[in-house]
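J.: This is coords.txt (compact mmCIF, C-alpha atoms).
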```
# COMPACT_ATOMS: atom_id res chain seq x y z
CA MET A 1 -13.45 30.56 10.25
CA SER A 2 -12.75 29.83 6.60
CA ILE A 3 -13.89 27.12 4.24
CA TYR A 4 -11.30 25.65 1.88
CA LYS A 5 -11.90 23.29 -1.02
CA LEU A 6 -9.69 20.59 -2.47
CA ASP A 7 -10.35 18.28 -5.42
CA ILE A 8 -8.15 15.16 -5.50
CA THR A 9 -10.37 13.13 -7.81
CA LYS A 10 -7.79 13.33 -10.63
CA ASP A 11 -4.77 12.64 -8.43
CA ARG A 12 -3.04 9.34 -7.83
CA CYS A 13 -1.18 7.90 -4.86
CA PRO A 14 0.63 9.40 -3.00
CA MET A 15 -0.50 12.91 -4.06
CA THR A 16 -4.04 12.24 -2.79
CA PHE A 17 -2.62 11.99 0.73
CA VAL A 18 0.08 14.61 0.20
CA LYS A 19 -2.31 17.32 -0.99
CA THR A 20 -4.79 16.56 1.78
CA LYS A 21 -2.07 16.71 4.44
CA LEU A 22 -0.61 19.97 3.10
CA HIS A 23 -4.07 21.58 3.11
CA LEU A 24 -4.83 20.30 6.61
CA GLU A 25 -1.60 21.81 7.90
CA GLN A 26 -2.77 25.25 6.77
CA LEU A 27 -6.08 25.14 8.65
CA GLU A 28 -6.63 27.38 11.66
CA ASP A 29 -8.91 26.37 14.51
CA GLY A 30 -12.51 26.23 13.34
CA ASP A 31 -11.63 26.20 9.61
CA THR A 32 -13.16 23.53 7.42
CA LEU A 33 -11.82 21.76 4.39
CA GLU A 34 -14.06 20.16 1.77
CA VAL A 35 -12.34 17.37 -0.11
CA LEU A 36 -13.68 15.74 -3.26
CA LEU A 37 -12.16 12.29 -3.69
CA SER A 38 -12.65 9.05 -5.58
CA GLU A 39 -13.75 5.64 -4.41
CA GLY A 40 -11.04 3.07 -3.80
CA GLU A 41 -7.95 3.75 -1.74
CA PRO A 42 -8.55 7.52 -1.32
CA LEU A 43 -12.03 6.96 0.12
CA GLU A 44 -10.88 4.05 2.26
CA LYS A 45 -7.76 5.69 3.68
CA VAL A 46 -8.04 9.49 3.61
CA PRO A 47 -10.92 9.71 6.15
CA LYS A 48 -9.10 7.29 8.43
CA THR A 49 -5.84 9.25 8.40
CA VAL A 50 -7.70 12.55 8.87
CA ILE A 51 -9.28 11.25 12.09
CA GLU A 52 -5.98 9.73 13.23
CA GLN A 53 -4.40 13.17 12.93
CA GLY A 54 -6.97 14.65 15.30
CA PHE A 55 -9.30 16.40 12.85
CA GLN A 56 -13.09 16.17 12.95
CA LEU A 57 -14.73 14.43 10.03
CA LEU A 58 -18.10 16.19 9.82
CA GLU A 59 -19.36 14.66 6.61
CA ASN A 60 -18.60 11.82 4.21
CA VAL A 61 -21.20 11.75 1.45
CA HIS A 62 -21.54 10.33 -2.03
CA VAL A 63 -21.75 13.16 -4.58
CA LYS A 64 -22.01 11.48 -7.99
CA ASP A 65 -20.63 8.50 -9.88
CA LYS A 66 -17.57 7.38 -7.91
CA ILE A 67 -16.95 10.71 -6.22
CA HIS A 68 -17.42 11.46 -2.53
CA ARG A 69 -17.12 14.62 -0.46
CA LEU A 70 -15.51 14.88 2.95
CA VAL A 71 -15.99 17.84 5.22
CA ILE A 72 -13.17 18.13 7.73
CA ARG A 73 -12.83 20.63 10.57
CA LYS A 74 -9.87 21.60 12.66
CA LEU A 75 -10.82 21.94 16.27
CA THR A 76 -8.52 22.21 19.26
CA VAL A 77 -9.58 19.35 21.45
CA THR A 78 -9.70 20.13 25.14
CA GLY A 79 -10.66 17.23 27.31
CA VAL A 80 -11.55 13.75 26.15
CA GLY A 81 -10.56 13.80 22.49
CA ASN A 82 -12.62 14.24 19.36
CA ASN A 83 -15.92 12.56 18.75
CA SER A 84 -15.43 11.72 15.09
CA ARG A 85 -16.37 8.31 13.89
CA MET B 86 -2.80 11.32 19.91
CA ALA B 87 -1.05 7.96 19.47
CA GLU B 88 2.71 7.81 19.10
CA LYS B 89 3.88 8.33 15.52
CA ASN B 90 4.68 5.38 13.30
CA LYS B 91 8.11 5.49 11.74
CA LEU B 92 9.53 4.60 8.33
CA SER B 93 13.24 4.67 7.59
CA ILE B 94 14.57 4.22 4.07
CA ILE B 95 18.15 3.53 3.05
CA CYS B 96 18.53 4.95 -0.45
CA MET B 97 21.62 3.54 -2.11
CA SER B 98 20.39 3.72 -5.69
CA GLY B 99 20.90 6.66 -8.01
CA ASP B 100 18.39 5.33 -10.54
CA PHE B 101 15.44 7.44 -11.63
CA ASP B 102 12.81 4.74 -11.08
CA LYS B 103 14.17 3.80 -7.68
CA ALA B 104 14.26 7.47 -6.65
CA ILE B 105 10.57 7.61 -7.56
CA ALA B 106 9.98 4.65 -5.23
CA VAL B 107 11.94 6.34 -2.44
CA PHE B 108 10.13 9.67 -2.66
CA THR B 109 6.71 8.08 -3.23
CA LEU B 110 7.09 6.05 -0.05
CA ALA B 111 8.63 8.94 1.86
CA SER B 112 6.00 11.55 0.92
CA GLY B 113 3.12 9.07 1.21
CA ALA B 114 4.18 7.94 4.65
CA ALA B 115 4.76 11.51 5.84
CA ALA B 116 1.32 12.45 4.52
CA VAL B 117 -0.31 9.82 6.70
CA ASN B 118 1.61 11.14 9.68
CA TYR B 119 4.62 8.83 9.81
CA GLU B 120 7.98 10.08 10.94
CA VAL B 121 10.15 9.46 7.87
CA ASN B 122 13.93 9.25 7.74
CA VAL B 123 15.82 8.73 4.49
CA PHE B 124 19.50 7.82 4.66
CA PHE B 125 21.22 8.47 1.33
CA THR B 126 24.41 6.59 0.58
CA PHE B 127 26.66 6.14 -2.49
CA TRP B 128 24.70 6.74 -5.72
CA GLY B 129 21.72 7.81 -3.62
CA LEU B 130 23.65 10.96 -2.71
CA ASN B 131 23.06 12.23 -6.27
CA ASN B 132 19.48 12.93 -5.18
CA LEU B 133 20.70 15.46 -2.63
CA LYS B 134 23.17 17.47 -4.69
CA LYS B 135 22.53 21.20 -4.80
CA LYS B 136 23.67 21.23 -8.43
CA THR B 137 21.07 19.12 -10.16
CA GLY B 138 22.98 18.73 -13.44
CA ARG B 139 26.47 17.48 -14.30
CA ARG B 140 29.04 19.54 -12.38
CA PHE B 141 32.65 19.05 -11.38
CA ILE B 142 32.08 19.06 -7.63
CA GLY B 143 33.93 17.36 -4.80
CA LYS B 144 37.44 17.27 -3.46
CA GLY B 145 40.19 15.81 -5.66
CA PHE B 146 40.49 15.25 -9.39
CA LEU B 147 38.98 11.76 -9.51
CA ALA B 148 36.10 12.71 -7.24
CA ARG B 149 35.30 15.76 -9.38
CA PHE B 150 35.39 13.68 -12.56
CA PHE B 151 33.25 10.98 -10.97
CA ASN B 152 30.68 13.48 -9.73
CA PHE B 153 30.52 15.02 -13.19
CA LEU B 154 29.73 11.64 -14.71
CA LEU B 155 27.17 10.82 -12.02
CA GLY B 156 25.40 14.17 -12.21
CA GLY B 157 22.55 15.22 -9.95
CA ARG B 158 18.78 14.80 -9.73
CA ASP B 159 18.29 15.87 -13.36
CA ASN B 160 20.61 13.14 -14.65
CA LEU B 161 19.33 10.05 -12.88
CA PRO B 162 19.19 7.17 -15.38
CA LEU B 163 16.36 4.67 -15.66
CA SER B 164 17.55 1.32 -14.26
CA ARG B 165 16.47 -0.42 -17.47
CA LEU B 166 16.10 0.89 -21.04
CA ASN B 167 17.71 4.23 -20.24
CA PHE B 168 18.55 5.00 -23.90
CA ALA B 169 21.24 7.56 -23.06
CA GLY B 170 18.98 9.52 -20.75
CA ALA B 171 15.99 9.80 -23.10
CA SER B 172 13.79 7.41 -21.14
CA PRO B 173 13.56 9.41 -17.89
CA LEU B 174 12.31 12.38 -19.94
CA LEU B 175 9.75 10.20 -21.73
CA MET B 176 8.72 8.62 -18.43
CA THR B 177 8.24 12.06 -16.84
CA GLY B 178 6.05 13.07 -19.79
CA MET B 179 3.96 9.91 -19.40
CA MET B 180 3.59 10.51 -15.67
CA LYS B 181 2.42 14.09 -16.25
CA SER B 182 -0.09 13.09 -18.91
CA ARG B 183 -1.53 10.44 -16.59
CA ASN B 184 -1.81 12.68 -13.51
CA VAL B 185 0.89 10.81 -11.64
CA ALA B 186 3.32 12.92 -9.61
CA THR B 187 6.72 13.38 -11.22
CA LEU B 188 10.02 12.82 -9.44
CA ALA B 189 10.43 16.57 -8.92
CA GLU B 190 6.94 16.84 -7.40
CA LEU B 191 7.50 13.86 -5.11
CA PHE B 192 10.84 15.30 -4.02
CA GLN B 193 9.28 18.69 -3.21
CA ALA B 194 6.35 17.01 -1.44
CA SER B 195 8.79 15.06 0.75
CA ILE B 196 10.49 18.30 1.74
CA ALA B 197 7.18 20.11 2.33
CA LEU B 198 5.99 17.31 4.60
CA GLY B 199 9.13 17.36 6.71
CA VAL B 200 10.77 14.09 5.63
CA ASN B 201 14.20 13.92 7.31
CA PHE B 202 17.08 13.60 4.86
CA TYR B 203 20.44 12.28 6.06
CA ALA B 204 23.68 11.75 4.14
CA CYS B 205 26.12 8.89 4.69
CA GLU B 206 29.40 10.19 6.07
CA MET B 207 31.50 7.37 4.62
CA ALA B 208 30.11 7.61 1.08
CA MET B 209 30.56 11.39 1.14
CA HIS B 210 34.19 10.88 2.08
CA VAL B 211 34.75 8.45 -0.82
CA LEU B 212 33.10 10.79 -3.34
CA GLY B 213 34.86 13.87 -1.94
CA LEU B 214 31.56 15.58 -1.10
CA THR B 215 30.76 17.85 1.83
CA LYS B 216 27.42 18.91 3.33
CA ASP B 217 27.76 22.19 1.41
CA ASP B 218 27.39 20.23 -1.84
CA PHE B 219 23.88 19.21 -0.78
CA ILE B 220 20.56 20.99 -0.52
CA PRO B 221 20.07 22.80 2.82
CA GLU B 222 17.21 20.46 3.76
CA VAL B 223 19.74 17.70 4.53
CA LYS B 224 19.36 17.44 8.27
CA GLY B 225 22.62 15.78 9.07
CA VAL B 226 25.58 13.61 8.12
CA LEU B 227 25.44 10.23 9.79
CA GLY B 228 27.19 6.91 10.20
CA VAL B 229 25.61 3.47 10.62
CA ALA B 230 25.26 3.62 14.41
CA SER B 231 23.38 6.92 14.33
CA PHE B 232 21.09 5.69 11.56
CA LEU B 233 20.28 2.55 13.55
CA ASP B 234 19.38 4.74 16.52
CA LEU B 235 17.09 6.84 14.33
CA SER B 236 15.37 3.88 12.73
CA LYS B 237 14.87 1.91 15.95
CA GLY B 238 11.27 0.93 16.59
CA GLY B 239 10.07 1.50 13.02
CA GLN B 240 10.11 -0.16 9.61
CA THR B 241 13.27 0.03 7.49
CA LEU B 242 13.55 -0.39 3.73
CA PHE B 243 16.60 -0.63 1.48
CA ILE B 244 16.26 0.78 -2.03
```
Starting from the file, lay out its structure as structure tokens.
T.:
Amino acid sequence: MSIYKLDITKDRCPMTFVKTKLHLEQLEDGDTLEVLLSEGEPLEKVPKTVIEQGFQLLENVHVKDKIHRLVIRKLTVTGVGNNSR
Amino acid sequence: MAEKNKLSIICMSGDFDKAIAVFTLASGAAAVNYEVNVFFTFWGLNNLKKKTGRRFIGKGFLARFFNFLLGGRDNLPLSRLNFAGASPLLMTGMMKSRNVATLAELFQASIALGVNFYACEMAMHVLGLTKDDFIPEVKGVLGVASFLDLSKGGQTLFI
């Protein structure tokens, strides 16, 4: 199980989504990805699309100023689907 | 997981700024898990050429001359204020300095995210181009009926 980090605070649309997606595609089961992102569209949409794609959103916390951190985990779901909110 | 949303784009323009719109929408939609199909026709085919500069490609004298004038991805003009090709270079510099993805980055991102590229059979015939003149990522050569089948059930944009 590895932990990867991604900072998209300096990126603009659509690279915020593109970089997140490309990193998510590289995760193996049990790996986590920490994403630093800015308030506004990235914070409103990235967590939503992560969950829609079947990943677990373990954490969504404010770090400083307008920057938040997401912790995302890839988990093979067997049974009733993921329990992310 | 829910069924995938779908975005289909008809890219007729060979302008730099419109290509940015095409590949921004394509890569952005693919990144949020849409199935994305882009159908390139007429000047839009310049985006797909293997040779990205001005080259005499195509079948027949006029086609070769035309394709030389049109050029490839490195020669796309800005739709306004092109200034003999200087503006796309300036615009790319501005995009880089402001952390906005350049056309080349958006194009590569679209490929990396599995956006489906299709070329218009009729426009290729007019311009004397074959599938071998395009990048290998072009998934197929289509006509209208096949594109309509592909785009059915999703959103379609014309650029």
J.: Between CA of Ile72 in chain A and CA of Asn118 in chain B, what distance in Å does the model show, to one decimal?
T.: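 One can read the CA of Ile72 in chain A to CA of Asn118 in chain B distance as 16.5 Å.
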J.: Smallest atom-to-atom distance to Val46 in chain A: which of A:Lys74, A:Lys64, A:Thr16, A:Gly30, using only C-alpha atoms?
T.: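 Nearest to Val46 in chain A: A:Thr16.
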J.: Restrict the distance test to only C-alpha atoms, flag each residue of chain A within 7 Å of chain B, and return the flagged residues as a PyMOL selection string.
T.: chain A and resi 10-12+14-15+17-18+21+49
J.: Find the distance between CA of Glu120 in chain B and CA of Gly239 in chain B and write it in Å to one decimal.
T.: 9.1 Å
J.: Could you tell me how far CA of Gly145 in chain B sits from CA of His210 in chain B, in Å to one decimal place?
T.: 11.0 Å
J.: Measuring atom to atom with only C-alpha atoms, identify which of A:Leu57, A:Leu37, A:Ile67, A:Val50 is nearest to Leu24 in chain A.
T.: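 Using only C-alpha atoms, the shortest distance to Leu24 in chain A belongs to A:Val50.
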J.: Need to verify the contact set: Asp7 in chain A, 7 Å, only C-alpha atoms, exclusion of same-chain residues closer than 2 positions in sequence. Can you return it as a PyMOL selection string?
T.: chain A and resi 5+9+35-37
J.: Compile the contact shell of range 127-134 of chain B as a PyMOL selection string: residues with an atom at most 9 Å away, counting only C-alpha atoms, same-chain residues fewer than 5 positions apart removed.
T.: chain B and resi 95-100+104+152+155-161+202+204-205+207-209+211-212+217-220+222-223
J.: Could you tell me, as a ChimeraX atom specification, which residues have any atom at most 8 Å from (-7.0, 20.6, 16.1), counting only C-alpha atoms?
T.: /A:29,54-55,74-77
J.: Counting only C-alpha atoms, which residue out of B:Ala148, B:Phe243, B:Glu88, B:Val226 sits closest to Gly213 in chain B?
T.: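 For Gly213 in chain B, the nearest of the given residues is B:Ala148.
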